[in-house]
$ cat run30.txt   # compact mmCIF, C-alpha atoms and all ligand atoms
# COMPACT_ATOMS: atom_id res chain seq x y z
CA MET E 1 124.34 122.71 -38.39
CA LYS E 2 124.99 119.79 -36.03
CA CYS E 3 128.44 119.02 -34.71
CA PRO E 4 129.73 115.84 -36.48
CA TYR E 5 131.48 114.73 -33.30
CA CYS E 6 128.88 115.13 -30.55
CA SER E 7 125.73 115.96 -32.57
CA SER E 8 125.11 119.13 -30.59
CA SER E 9 123.15 121.79 -32.48
CA ASP E 10 124.98 124.59 -30.73
CA THR E 11 127.75 125.52 -33.13
CA HIS E 12 128.98 128.82 -34.44
CA VAL E 13 130.94 129.97 -37.49
CA VAL E 14 134.52 130.97 -36.76
CA ASN E 15 135.30 132.17 -40.25
CA SER E 16 134.05 131.81 -43.78
CA ARG E 17 135.73 132.20 -47.15
CA PRO E 18 135.49 130.91 -50.72
CA SER E 19 137.11 127.51 -51.31
CA ASP E 20 140.29 127.41 -53.40
CA ASP E 21 138.47 126.63 -56.62
CA GLY E 22 135.91 129.34 -55.92
CA HIS E 23 133.03 126.92 -56.34
CA ALA E 24 132.09 126.68 -52.70
CA ILE E 25 131.93 128.67 -49.49
CA ARG E 26 134.04 127.11 -46.79
CA ARG E 27 132.94 127.71 -43.21
CA ARG E 28 135.03 126.83 -40.21
CA ARG E 29 132.71 126.09 -37.29
CA GLU E 30 133.21 125.46 -33.63
CA CYS E 31 130.98 123.37 -31.42
CA ASP E 32 129.85 125.16 -28.25
CA THR E 33 129.44 121.85 -26.45
CA CYS E 34 132.66 119.89 -27.18
CA ASN E 35 134.70 122.82 -28.59
CA ARG E 36 135.88 120.83 -31.59
CA ARG E 37 136.18 122.50 -34.95
CA PHE E 38 134.89 121.24 -38.28
CA THR E 39 134.39 122.59 -41.78
CA THR E 40 131.27 122.87 -43.85
CA TYR E 41 131.04 123.63 -47.55
CA GLU E 42 128.18 125.25 -49.32
CA ARG E 43 128.04 124.44 -53.01
CA THR E 44 125.41 124.14 -55.69
CA GLN E 45 123.89 120.74 -56.18
CA LEU E 46 125.47 120.46 -59.62
CA GLU E 47 128.92 120.87 -58.17
CA ALA E 48 129.19 117.77 -56.04
CA LEU E 49 132.61 116.97 -54.67
CA MET E 50 134.28 114.99 -57.46
CA VAL E 51 137.37 112.84 -57.25
CA LYS E 52 139.34 111.40 -60.15
CA LYS E 53 139.66 107.61 -60.54
CA ARG E 54 142.74 105.97 -61.99
CA SER E 55 140.80 105.44 -65.23
CA GLY E 56 140.37 109.19 -65.48
CA ARG E 57 136.67 108.94 -64.76
CA LEU E 58 135.26 111.30 -62.16
CA GLU E 59 133.16 110.07 -59.31
CA VAL E 60 131.35 111.80 -56.48
CA PHE E 61 133.12 111.61 -53.16
CA GLN E 62 130.62 110.47 -50.56
CA PRO E 63 131.99 110.78 -47.03
CA ASP E 64 128.96 109.07 -45.52
CA LYS E 65 129.50 105.98 -47.65
CA LEU E 66 133.13 105.81 -46.60
CA LEU E 67 132.01 106.18 -42.99
CA ASP E 68 129.61 103.25 -43.45
CA LYS E 69 132.40 101.02 -44.82
CA LEU E 70 134.61 101.95 -41.89
CA ARG E 71 131.82 101.16 -39.43
CA VAL E 72 131.49 97.72 -40.97
CA ALA E 73 135.25 97.10 -40.87
CA THR E 74 135.56 98.24 -37.25
CA ASN E 75 132.43 96.53 -35.97
CA LYS E 76 133.01 95.25 -32.42
CA ARG E 77 136.57 96.52 -32.49
CA PRO E 78 137.96 99.01 -29.96
CA VAL E 79 137.37 101.97 -32.27
CA THR E 80 135.02 104.84 -31.55
CA GLU E 81 132.58 106.51 -33.89
CA LYS E 82 134.33 109.75 -33.03
CA ASP E 83 137.66 108.40 -34.34
CA LEU E 84 136.07 107.42 -37.63
CA ARG E 85 134.28 110.72 -38.04
CA GLU E 86 137.41 112.66 -37.33
CA PHE E 87 139.24 110.72 -40.03
CA VAL E 88 136.51 110.90 -42.67
CA TYR E 89 135.68 114.57 -42.22
CA GLY E 90 139.36 115.44 -42.11
CA LEU E 91 139.79 113.57 -45.37
CA GLU E 92 136.81 115.38 -46.87
CA ASP E 93 138.47 118.62 -45.94
CA GLU E 94 141.60 117.59 -47.80
CA VAL E 95 139.68 116.46 -50.85
CA GLN E 96 138.19 119.95 -50.92
CA THR E 97 141.39 121.88 -50.54
CA ALA E 98 144.09 119.63 -52.00
CA HIS E 99 142.10 117.79 -54.69
CA VAL E 100 143.11 114.36 -53.46
CA ASP E 101 142.25 111.65 -56.03
CA ALA E 102 140.40 108.36 -55.52
CA ASP E 103 143.60 106.29 -55.26
CA GLU E 104 144.94 108.59 -52.60
CA ILE E 105 141.70 108.34 -50.64
CA GLY E 106 141.95 104.55 -50.76
CA ARG E 107 145.60 104.61 -49.74
CA ARG E 108 145.01 106.96 -46.81
CA THR E 109 142.05 104.96 -45.61
CA LEU E 110 144.15 101.80 -45.52
CA GLU E 111 147.01 103.59 -43.80
CA TYR E 112 144.65 104.96 -41.23
CA LEU E 113 143.13 101.55 -40.50
CA LYS E 114 146.57 99.97 -40.33
CA THR E 115 147.57 102.27 -37.48
CA LEU E 116 144.16 102.01 -35.85
CA ASP E 117 143.43 98.30 -35.67
CA ASP E 118 144.92 95.28 -37.48
CA VAL E 119 141.69 93.32 -37.64
CA ALA E 120 139.71 96.26 -39.05
CA TYR E 121 142.47 96.79 -41.59
CA ILE E 122 142.32 93.18 -42.74
CA ARG E 123 138.54 93.22 -42.97
CA TYR E 124 138.59 96.36 -45.04
CA LEU E 125 141.28 94.96 -47.32
CA SER E 126 139.46 91.71 -47.87
CA VAL E 127 136.15 93.37 -48.72
CA TYR E 128 136.97 96.57 -50.54
CA ARG E 129 140.27 96.02 -52.22
CA ASP E 130 140.46 93.88 -55.30
CA PHE E 131 143.21 91.32 -55.14
CA ASP E 132 143.92 89.26 -58.20
CA SER E 133 145.00 86.37 -56.04
CA VAL E 134 144.88 85.06 -52.50
CA ASP E 135 148.69 85.01 -52.55
CA ARG E 136 148.91 88.74 -53.08
CA PHE E 137 146.48 89.33 -50.27
CA ILE E 138 148.46 87.14 -47.91
CA GLU E 139 151.64 88.88 -49.01
CA GLU E 140 150.12 92.24 -48.04
CA ILE E 141 149.19 90.83 -44.66
CA ARG E 142 152.73 89.54 -44.16
CA GLN E 143 154.04 93.03 -44.75
CA LEU E 144 151.75 94.18 -41.98
CA GLY E 145 154.06 92.41 -39.59
CA GLY E 146 151.26 91.70 -37.16
CA ASP E 147 151.41 88.76 -34.79
CA ALA E 148 150.93 85.18 -35.95
CA ASP E 149 147.30 85.08 -34.81
CA THR E 150 146.39 88.14 -36.83
CA ARG E 151 148.03 86.70 -39.92
CA ALA E 152 146.34 83.36 -39.46
CA ALA E 153 142.97 85.12 -39.17
CA ALA E 154 143.71 87.09 -42.32
CA GLU E 155 144.66 83.98 -44.25
CA ARG E 156 141.44 82.29 -43.19
CA ALA E 157 139.47 85.37 -44.27
CA ALA E 158 141.29 85.42 -47.60
CA THR E 159 140.65 81.79 -48.33
CA ALA E 160 137.02 82.04 -47.32
CA GLY E 161 136.66 85.22 -49.39
CA ASP E 162 134.28 86.53 -46.77
CA ALA E 163 134.92 89.30 -44.28
CA ASP E 164 132.53 87.74 -41.80
CA ALA E 165 134.89 84.81 -41.60
CA THR E 166 137.40 87.05 -39.85
CA PRO E 167 137.02 86.13 -36.20
CA ASP E 168 136.78 88.98 -33.74
CA ASP E 169 139.32 87.30 -31.61
CA ALA E 170 141.88 85.02 -33.18
CA SER E 171 142.49 82.92 -30.11
ZN ZN E 201 130.45 118.90 -30.53
$ encode --input "run30.txt" --output "structure tokens"
Amino acid sequence: MKCPYCSSSDTHVVNSRPSDDGHAIRRRRECDTCNRRFTTYERTQLEALMVKKRSGRLEVFQPDKLLDKLRVATNKRPVTEKDLREFVYGLEDEVQTAHVDADEIGRRTLEYLKTLDDVAYIRYLSVYRDFDSVDRFIEEIRQLGGDADTRAAAERAATAGDADATPDDAS
């Protein structure tokens, strides 16, 4: 099992126990190279990690897809792959143990990006969150309280309806 942070193959199991719902074996591992800890879950293929949507429908939680979205949003921003992995795998851990729902995952992702990088936050918002109007989007950006340049960039992105329109540097 490779370390999600440094990709080293030298990891060992610190402890192992059934997950809270009894449907998986949870293993706490430690990397022998970077000494970070991470969790793995062993479950049957039929018992994918499900999260509840607001509609009540269940969907499979796919950490790798979330990681991809975050990579897109933080492209060329001062954010490391390690930061993103730490967030996503930490979130996965919580979905496993605390049964966090889809709304909560979305909310935490936005909160995380907000503290991480304004531009990445705006990109993510403009691409992945449905706004019924440009006004509401701009309102959300105002609440961000970022500097005037950031807000101007966000408003341009909102009007263009295209994340690529968000300049890397709003100078
Ligand atoms: Zn490592």
$ residues_near_ligand --input "run30.txt" --ligand "ligand ZN 201 (chain E)" --cutoff "10 Å" --atoms "all atoms listed in the file" --output "JSON, numbers by chain"
{"E": [2, 3, 4, 5, 6, 7, 8, 9, 10, 11, 30, 31, 32, 33, 34, 35, 36, 37, 38]}
$ atom_distance --input "run30.txt" --atom1 "atom CA of Phe87 of chain E" --atom2 "atom CA of Met1 of chain E"
19.2 Å
$ atom_distance --input "run30.txt" --atom1 "atom CA of Ile141 of chain E" --atom2 "atom CA of Leu125 of chain E"
9.3 Å
$ closest_residue --input "run30.txt" --among "E:Arg123, E:Arg71, E:Lys52, E:Arg43" --to "Val95 of chain E" --atoms "only C-alpha atoms"
E:Lys52
$ closest_atom_pairs --input "run30.txt" --of "segment 82-143 of chain E" --to "segment 54-59 of chain E" --cutoff "12 Å" --atoms "all atoms listed in the file" --output "tab-separated table"
residue	atom	partner	partner_atom	distance
E:Val100	CA	E:Arg54	CA	12.0
E:Asp101	CA	E:Arg54	CA	8.2
E:Ala102	CA	E:Arg54	CA	7.3
E:Asp103	CA	E:Arg54	CA	6.8
E:Glu104	CA	E:Arg54	CA	10.0
E:Ile105	CA	E:Arg54	CA	11.6
E:Gly106	CA	E:Arg54	CA	11.3
$ closest_residue --input "run30.txt" --among "E:Lys76, E:Tyr124, E:Arg29, E:Val51" --to "Glu111 of chain E" --atoms "all atoms listed in the file"
E:Tyr124
$ atom_distance --input "run30.txt" --atom1 "atom CA of Tyr89 of chain E" --atom2 "atom CA of Thr109 of chain E"
12.0 Å
$ residues_around --input "run30.txt" --residues "Lys114 of chain E" --least-positions-apart "5" --cutoff "12 Å" --atoms "all atoms listed in the file" --output "list in words"
Ala73, Thr74, Arg107, Arg108, Thr109, Val119, Ala120, Tyr121, Ile122, Arg123, Tyr124, Leu125, Glu140, Ile141, Gln143, Leu144, Gly145 and Gly146 of chain E
$ closest_residue --input "run30.txt" --among "E:Val79, E:His99, E:Tyr41, E:Lys69" --to "Thr115 of chain E" --atoms "all atoms listed in the file"
E:Val79
